[in-house]
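Trainee: Input file: structure-v1.json. Contents: JSON, C-alpha atoms and all ligand atoms.
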[["chain", "number", "residue", "atom", "x", "y", "z"],
["V", 1, "MET", "CA", -65.89, 33.47, 20.52],
["V", 2, "ARG", "CA", -67.17, 36.68, 19.01],
["V", 3, "ILE", "CA", -67.88, 39.50, 21.47],
["V", 4, "THR", "CA", -70.76, 41.86, 20.80],
["V", 5, "VAL", "CA", -72.24, 44.64, 22.92],
["V", 6, "ASP", "CA", -75.71, 46.13, 22.56],
["V", 7, "PHE", "CA", -74.86, 49.77, 23.03],
["V", 8, "ASP", "CA", -78.54, 50.65, 23.37],
["V", 9, "LEU", "CA", -78.54, 48.64, 26.61],
["V", 10, "CYS", "CA", -75.09, 49.57, 27.95],
["V", 11, "GLU", "CA", -75.18, 52.10, 30.78],
["V", 12, "SER", "CA", -71.39, 52.65, 30.94],
["V", 13, "ASN", "CA", -70.96, 51.51, 34.53],
["V", 14, "ALA", "CA", -67.54, 49.93, 33.80],
["V", 15, "LEU", "CA", -68.24, 46.60, 35.49],
["V", 16, "CYS", "CA", -66.99, 44.77, 32.42],
["V", 17, "GLU", "CA", -63.84, 46.90, 32.33],
["V", 18, "ALA", "CA", -63.13, 46.00, 35.95],
["V", 19, "LEU", "CA", -63.35, 42.28, 35.13],
["V", 20, "ALA", "CA", -61.79, 42.21, 31.67],
["V", 21, "PRO", "CA", -59.78, 45.40, 31.13],
["V", 22, "GLU", "CA", -57.90, 43.86, 28.24],
["V", 23, "VAL", "CA", -61.16, 43.74, 26.27],
["V", 24, "PHE", "CA", -63.44, 46.47, 27.64],
["V", 25, "GLU", "CA", -62.57, 50.11, 28.29],
["V", 26, "LEU", "CA", -64.55, 53.28, 28.82],
["V", 27, "ASP", "CA", -63.17, 56.20, 26.86],
["V", 28, "ASP", "CA", -62.92, 59.78, 28.10],
["V", 29, "ASP", "CA", -66.57, 60.35, 27.19],
["V", 30, "ASP", "CA", -67.70, 57.24, 29.14],
["V", 31, "TYR", "CA", -68.41, 55.43, 25.90],
["V", 32, "LEU", "CA", -67.62, 51.72, 26.03],
["V", 33, "VAL", "CA", -64.91, 50.60, 23.64],
["V", 34, "VAL", "CA", -64.60, 46.90, 22.85],
["V", 35, "LYS", "CA", -60.94, 46.41, 22.10],
["V", 36, "ALA", "CA", -61.11, 42.83, 20.83],
["V", 37, "GLU", "CA", -63.54, 41.32, 18.36],
["V", 38, "HIS", "CA", -63.01, 37.79, 19.68],
["V", 39, "THR", "CA", -62.02, 36.17, 22.94],
["V", 40, "THR", "CA", -58.69, 34.40, 23.25],
["V", 41, "PRO", "CA", -57.78, 31.51, 25.55],
["V", 42, "GLU", "CA", -56.34, 34.16, 27.87],
["V", 43, "THR", "CA", -59.44, 36.40, 27.92],
["V", 44, "GLN", "CA", -62.24, 33.83, 27.66],
["V", 45, "ALA", "CA", -62.80, 33.39, 31.40],
["V", 46, "SER", "CA", -62.71, 37.09, 32.27],
["V", 47, "VAL", "CA", -65.04, 37.98, 29.39],
["V", 48, "GLU", "CA", -67.48, 35.29, 30.56],
["V", 49, "GLN", "CA", -67.36, 36.91, 34.02],
["V", 50, "ALA", "CA", -68.13, 40.27, 32.43],
["V", 51, "VAL", "CA", -71.08, 38.77, 30.55],
["V", 52, "ALA", "CA", -72.44, 37.39, 33.82],
["V", 53, "ALA", "CA", -71.82, 40.61, 35.72],
["V", 54, "CYS", "CA", -73.31, 43.08, 33.25],
["V", 55, "PRO", "CA", -76.52, 44.28, 34.90],
["V", 56, "ARG", "CA", -77.97, 45.21, 31.53],
["V", 57, "ALA", "CA", -77.19, 41.88, 29.83],
["V", 58, "ALA", "CA", -75.61, 43.94, 27.08],
["V", 59, "ILE", "CA", -72.67, 41.67, 26.29],
["V", 60, "ARG", "CA", -73.09, 38.61, 24.08],
["V", 61, "LEU", "CA", -70.68, 35.82, 23.19],
["V", 62, "GLU", "CA", -71.35, 34.01, 19.94],
["V", 63, "ALA", "CA", -69.60, 30.96, 18.54],
["D", 101, "LIG", "S1", -70.99, 45.92, 32.28],
["D", 101, "LIG", "FE1", -72.61, 46.08, 30.73],
["D", 101, "LIG", "S2", -73.63, 48.01, 31.14],
["D", 101, "LIG", "FE2", -71.66, 48.05, 32.20],
["D", 101, "LIG", "S3", -70.24, 49.08, 30.81],
["D", 101, "LIG", "FE3", -70.08, 46.86, 30.47],
["D", 101, "LIG", "S4", -71.53, 46.41, 28.78],
["D", 101, "LIG", "FE4", -72.05, 48.42, 29.62]]
Can you present the structure in this file as structure tokens?
Mentor:
Amino acid sequence: MRITVDFDLCESNALCEALAPEVFELDDDDYLVVKAEHTTPETQASVEQAVAACPRAAIRLEA
């Protein structure tokens, strides 16, 4: 699935990075970097956890 983040909503609290570090990472300026455009069978579950955990509902998964 395609991963998108609304950067206007993101507050850079790194919850998604903690759950799916292979996909989400805060850079040195605390700016969220999405390292993969799509989920893989290996990352699907952890990205779904990140979607559920994001307090700003900033992460979207689209078919
Ligand atoms: S969990 Fe949500 S608010 Fe936090 S860094 Fe990730 S996208 Fe941004």
Trainee: At what distance in Å, to one decimal, does CA of Ala63 in chain V lie from CA of Val33 in chain V?
Mentor: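 Calculated distance between CA of Val33 in chain V and CA of Ala63 in chain V is 20.8 Å.
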Trainee: Could you list the protein, DNA and RNA residues that have any atom within 7 Å of ligand LIG 101 (chain D), counting all atoms listed in the file, and write them as a list in words?
Mentor: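 The residues within 7 Å of ligand LIG 101 (chain D), counting all atoms listed in the file, are Val5, Leu9, Cys10, Glu11, Ser12, Asn13, Ala14, Leu15, Cys16, Glu17, Leu32, Ala50, Ala53, Cys54, Pro55, Arg56, Ala57, Ala58 and Ile59 of chain V.
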Trainee: Write the residues of the preceding selection, restricted to C-alpha atoms, as an mmCIF file, in the frame of the given file.
Mentor:
data_model
loop_
_atom_site.group_PDB
_atom_site.id
_atom_site.type_symbol
_atom_site.label_atom_id
_atom_site.label_comp_id
_atom_site.auth_asym_id
_atom_site.auth_seq_id
_atom_site.Cartn_x
_atom_site.Cartn_y
_atom_site.Cartn_z
ATOM 1 C CA VAL V 5 -72.240 44.640 22.920
ATOM 2 C CA LEU V 9 -78.540 48.640 26.610
ATOM 3 C CA CYS V 10 -75.090 49.570 27.950
ATOM 4 C CA GLU V 11 -75.180 52.100 30.780
ATOM 5 C CA SER V 12 -71.390 52.650 30.940
ATOM 6 C CA ASN V 13 -70.960 51.510 34.530
ATOM 7 C CA ALA V 14 -67.540 49.930 33.800
ATOM 8 C CA LEU V 15 -68.240 46.600 35.490
ATOM 9 C CA CYS V 16 -66.990 44.770 32.420
ATOM 10 C CA GLU V 17 -63.840 46.900 32.330
ATOM 11 C CA LEU V 32 -67.620 51.720 26.030
ATOM 12 C CA ALA V 50 -68.130 40.270 32.430
ATOM 13 C CA ALA V 53 -71.820 40.610 35.720
ATOM 14 C CA CYS V 54 -73.310 43.080 33.250
ATOM 15 C CA PRO V 55 -76.520 44.280 34.900
ATOM 16 C CA ARG V 56 -77.970 45.210 31.530
ATOM 17 C CA ALA V 57 -77.190 41.880 29.830
ATOM 18 C CA ALA V 58 -75.610 43.940 27.080
ATOM 19 C CA ILE V 59 -72.670 41.670 26.290
#
Trainee: One decimal, Å: what's the distance from CA of His38 in chain V over to CA of Arg2 in chain V, could you say?
Mentor: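 So the two atoms, CA of His38 in chain V and CA of Arg2 in chain V, lie 4.4 Å apart.
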Trainee: Which residues are close to Met1 in chain V, i.e. within 9 Å by only C-alpha atoms, leaving aside same-chain residues fewer than 3 positions away? Reply as a PyMOL selection string.
Mentor: chain V and resi 37-40+44+61-63
Trainee: Keeping only C-alpha atoms, take the residues you just selected and write them out as a PDB file, in the frame of the given file.
Mentor:
ATOM      1  CA  GLU V  37     -63.540  41.320  18.360  1.00  0.00           C
ATOM      2  CA  HIS V  38     -63.010  37.790  19.680  1.00  0.00           C
ATOM      3  CA  THR V  39     -62.020  36.170  22.940  1.00  0.00           C
ATOM      4  CA  THR V  40     -58.690  34.400  23.250  1.00  0.00           C
ATOM      5  CA  GLN V  44     -62.240  33.830  27.660  1.00  0.00           C
ATOM      6  CA  LEU V  61     -70.680  35.820  23.190  1.00  0.00           C
ATOM      7  CA  GLU V  62     -71.350  34.010  19.940  1.00  0.00           C
ATOM      8  CA  ALA V  63     -69.600  30.960  18.540  1.00  0.00           C
TER       9      ALA V  63
END
Trainee: For a test of reading the model, state the distance in Å between CA of Gln49 in chain V and CA of Phe7 in chain V, rounded to one decimal.
Mentor: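 Between CA of Gln49 in chain V and CA of Phe7 in chain V the gap is 18.5 Å.
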Trainee: When you count all atoms listed in the file, which of these residues is closest to Ala20 in chain V: V:Ile3, V:Asp8, V:Ser46, V:Val34?
Mentor: V:Ser46
Trainee: Will you give me range 19-57 of chain V, written with N, CA and C atoms and laid out as a PDB file, in the first residue's frame?
Mentor:
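After the write, result21.pdb holds the following:
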ATOM      1  N   LEU V  19       7.878   2.456  16.055  1.00  0.00           N
ATOM      2  CA  LEU V  19       7.142   1.259  15.657  1.00  0.00           C
ATOM      3  C   LEU V  19       7.605   0.695  14.318  1.00  0.00           C
ATOM      4  N   ALA V  20       8.001   1.564  13.418  1.00  0.00           N
ATOM      5  CA  ALA V  20       8.394   1.117  12.074  1.00  0.00           C
ATOM      6  C   ALA V  20       9.639   1.884  11.622  1.00  0.00           C
ATOM      7  N   PRO V  21      10.774   1.619  12.258  1.00  0.00           N
ATOM      8  CA  PRO V  21      11.992   2.382  11.949  1.00  0.00           C
ATOM      9  C   PRO V  21      12.527   2.136  10.545  1.00  0.00           C
ATOM     10  N   GLU V  22      12.085   1.029   9.926  1.00  0.00           N
ATOM     11  CA  GLU V  22      12.541   0.797   8.564  1.00  0.00           C
ATOM     12  C   GLU V  22      11.847   1.712   7.564  1.00  0.00           C
ATOM     13  N   VAL V  23      10.778   2.364   7.992  1.00  0.00           N
ATOM     14  CA  VAL V  23      10.008   3.229   7.086  1.00  0.00           C
ATOM     15  C   VAL V  23      10.070   4.704   7.510  1.00  0.00           C
ATOM     16  N   PHE V  24      10.015   4.951   8.827  1.00  0.00           N
ATOM     17  CA  PHE V  24       9.948   6.329   9.314  1.00  0.00           C
ATOM     18  C   PHE V  24      11.211   6.684  10.099  1.00  0.00           C
ATOM     19  N   GLU V  25      11.705   7.902   9.873  1.00  0.00           N
ATOM     20  CA  GLU V  25      12.908   8.323  10.594  1.00  0.00           C
ATOM     21  C   GLU V  25      12.914   9.842  10.712  1.00  0.00           C
ATOM     22  N   LEU V  26      13.216  10.320  11.895  1.00  0.00           N
ATOM     23  CA  LEU V  26      13.384  11.768  12.057  1.00  0.00           C
ATOM     24  C   LEU V  26      14.821  12.130  11.716  1.00  0.00           C
ATOM     25  N   ASP V  27      15.002  13.175  10.934  1.00  0.00           N
ATOM     26  CA  ASP V  27      16.358  13.577  10.593  1.00  0.00           C
ATOM     27  C   ASP V  27      16.929  14.473  11.700  1.00  0.00           C
ATOM     28  N   ASP V  28      18.109  14.984  11.479  1.00  0.00           N
ATOM     29  CA  ASP V  28      18.793  15.765  12.516  1.00  0.00           C
ATOM     30  C   ASP V  28      18.041  17.040  12.882  1.00  0.00           C
ATOM     31  N   ASP V  29      17.152  17.477  12.004  1.00  0.00           N
ATOM     32  CA  ASP V  29      16.358  18.682  12.274  1.00  0.00           C
ATOM     33  C   ASP V  29      14.955  18.333  12.775  1.00  0.00           C
ATOM     34  N   ASP V  30      14.756  17.060  13.181  1.00  0.00           N
ATOM     35  CA  ASP V  30      13.461  16.585  13.649  1.00  0.00           C
ATOM     36  C   ASP V  30      12.389  16.686  12.573  1.00  0.00           C
ATOM     37  N   TYR V  31      12.790  16.510  11.347  1.00  0.00           N
ATOM     38  CA  TYR V  31      11.851  16.498  10.233  1.00  0.00           C
ATOM     39  C   TYR V  31      11.643  15.039   9.831  1.00  0.00           C
ATOM     40  N   LEU V  32      10.392  14.625   9.761  1.00  0.00           N
ATOM     41  CA  LEU V  32      10.107  13.222   9.463  1.00  0.00           C
ATOM     42  C   LEU V  32      10.441  12.894   8.011  1.00  0.00           C
ATOM     43  N   VAL V  33      11.214  11.827   7.848  1.00  0.00           N
ATOM     44  CA  VAL V  33      11.550  11.317   6.527  1.00  0.00           C
ATOM     45  C   VAL V  33      10.841   9.978   6.346  1.00  0.00           C
ATOM     46  N   VAL V  34      10.108   9.841   5.255  1.00  0.00           N
ATOM     47  CA  VAL V  34       9.457   8.573   4.930  1.00  0.00           C
ATOM     48  C   VAL V  34      10.365   7.860   3.936  1.00  0.00           C
ATOM     49  N   LYS V  35      10.932   6.757   4.368  1.00  0.00           N
ATOM     50  CA  LYS V  35      11.996   6.123   3.594  1.00  0.00           C
ATOM     51  C   LYS V  35      11.482   5.136   2.561  1.00  0.00           C
ATOM     52  N   ALA V  36      10.191   4.831   2.604  1.00  0.00           N
ATOM     53  CA  ALA V  36       9.622   3.897   1.629  1.00  0.00           C
ATOM     54  C   ALA V  36       8.294   4.454   1.132  1.00  0.00           C
ATOM     55  N   GLU V  37       8.102   4.385  -0.173  1.00  0.00           N
ATOM     56  CA  GLU V  37       6.856   4.909  -0.738  1.00  0.00           C
ATOM     57  C   GLU V  37       5.693   3.945  -0.530  1.00  0.00           C
ATOM     58  N   HIS V  38       6.013   2.650  -0.442  1.00  0.00           N
ATOM     59  CA  HIS V  38       4.995   1.626  -0.288  1.00  0.00           C
ATOM     60  C   HIS V  38       5.368   0.664   0.828  1.00  0.00           C
ATOM     61  N   THR V  39       4.368   0.054   1.425  1.00  0.00           N
ATOM     62  CA  THR V  39       4.632  -1.019   2.376  1.00  0.00           C
ATOM     63  C   THR V  39       5.082  -2.267   1.618  1.00  0.00           C
ATOM     64  N   THR V  40       5.718  -3.161   2.352  1.00  0.00           N
ATOM     65  CA  THR V  40       6.069  -4.479   1.833  1.00  0.00           C
ATOM     66  C   THR V  40       5.417  -5.500   2.762  1.00  0.00           C
ATOM     67  N   PRO V  41       5.409  -6.762   2.383  1.00  0.00           N
ATOM     68  CA  PRO V  41       4.870  -7.769   3.318  1.00  0.00           C
ATOM     69  C   PRO V  41       5.575  -7.711   4.673  1.00  0.00           C
ATOM     70  N   GLU V  42       6.841  -7.341   4.670  1.00  0.00           N
ATOM     71  CA  GLU V  42       7.601  -7.275   5.920  1.00  0.00           C
ATOM     72  C   GLU V  42       7.235  -6.054   6.762  1.00  0.00           C
ATOM     73  N   THR V  43       6.875  -4.946   6.129  1.00  0.00           N
ATOM     74  CA  THR V  43       6.628  -3.708   6.884  1.00  0.00           C
ATOM     75  C   THR V  43       5.146  -3.410   7.088  1.00  0.00           C
ATOM     76  N   GLN V  44       4.266  -4.143   6.437  1.00  0.00           N
ATOM     77  CA  GLN V  44       2.835  -3.810   6.475  1.00  0.00           C
ATOM     78  C   GLN V  44       2.301  -3.715   7.913  1.00  0.00           C
ATOM     79  N   ALA V  45       2.594  -4.715   8.730  1.00  0.00           N
ATOM     80  CA  ALA V  45       2.022  -4.738  10.080  1.00  0.00           C
ATOM     81  C   ALA V  45       2.559  -3.581  10.929  1.00  0.00           C
ATOM     82  N   SER V  46       3.851  -3.328  10.861  1.00  0.00           N
ATOM     83  CA  SER V  46       4.422  -2.266  11.687  1.00  0.00           C
ATOM     84  C   SER V  46       3.953  -0.887  11.213  1.00  0.00           C
ATOM     85  N   VAL V  47       3.784  -0.717   9.921  1.00  0.00           N
ATOM     86  CA  VAL V  47       3.274   0.571   9.425  1.00  0.00           C
ATOM     87  C   VAL V  47       1.812   0.761   9.864  1.00  0.00           C
ATOM     88  N   GLU V  48       1.036  -0.310   9.839  1.00  0.00           N
ATOM     89  CA  GLU V  48      -0.350  -0.207  10.321  1.00  0.00           C
ATOM     90  C   GLU V  48      -0.376   0.184  11.805  1.00  0.00           C
ATOM     91  N   GLN V  49       0.566  -0.346  12.577  1.00  0.00           N
ATOM     92  CA  GLN V  49       0.663   0.044  13.991  1.00  0.00           C
ATOM     93  C   GLN V  49       1.004   1.524  14.109  1.00  0.00           C
ATOM     94  N   ALA V  50       1.880   2.001  13.251  1.00  0.00           N
ATOM     95  CA  ALA V  50       2.256   3.419  13.278  1.00  0.00           C
ATOM     96  C   ALA V  50       1.059   4.300  12.920  1.00  0.00           C
ATOM     97  N   VAL V  51       0.286   3.867  11.927  1.00  0.00           N
ATOM     98  CA  VAL V  51      -0.921   4.614  11.557  1.00  0.00           C
ATOM     99  C   VAL V  51      -1.854   4.737  12.758  1.00  0.00           C
ATOM    100  N   ALA V  52      -2.037   3.615  13.466  1.00  0.00           N
ATOM    101  CA  ALA V  52      -2.947   3.602  14.609  1.00  0.00           C
ATOM    102  C   ALA V  52      -2.399   4.419  15.775  1.00  0.00           C
ATOM    103  N   ALA V  53      -1.086   4.463  15.903  1.00  0.00           N
ATOM    104  CA  ALA V  53      -0.468   5.131  17.052  1.00  0.00           C
ATOM    105  C   ALA V  53      -0.289   6.628  16.864  1.00  0.00           C
ATOM    106  N   CYS V  54      -0.265   7.081  15.630  1.00  0.00           N
ATOM    107  CA  CYS V  54       0.013   8.509  15.394  1.00  0.00           C
ATOM    108  C   CYS V  54      -1.081   9.370  16.036  1.00  0.00           C
ATOM    109  N   PRO V  55      -0.728  10.191  17.003  1.00  0.00           N
ATOM    110  CA  PRO V  55      -1.747  10.976  17.694  1.00  0.00           C
ATOM    111  C   PRO V  55      -2.339  12.092  16.839  1.00  0.00           C
ATOM    112  N   ARG V  56      -1.701  12.366  15.722  1.00  0.00           N
ATOM    113  CA  ARG V  56      -2.176  13.421  14.835  1.00  0.00           C
ATOM    114  C   ARG V  56      -2.905  12.863  13.612  1.00  0.00           C
ATOM    115  N   ALA V  57      -3.016  11.556  13.546  1.00  0.00           N
ATOM    116  CA  ALA V  57      -3.640  10.896  12.378  1.00  0.00           C
ATOM    117  C   ALA V  57      -3.055  11.421  11.070  1.00  0.00           C
TER     118      ALA V  57
END
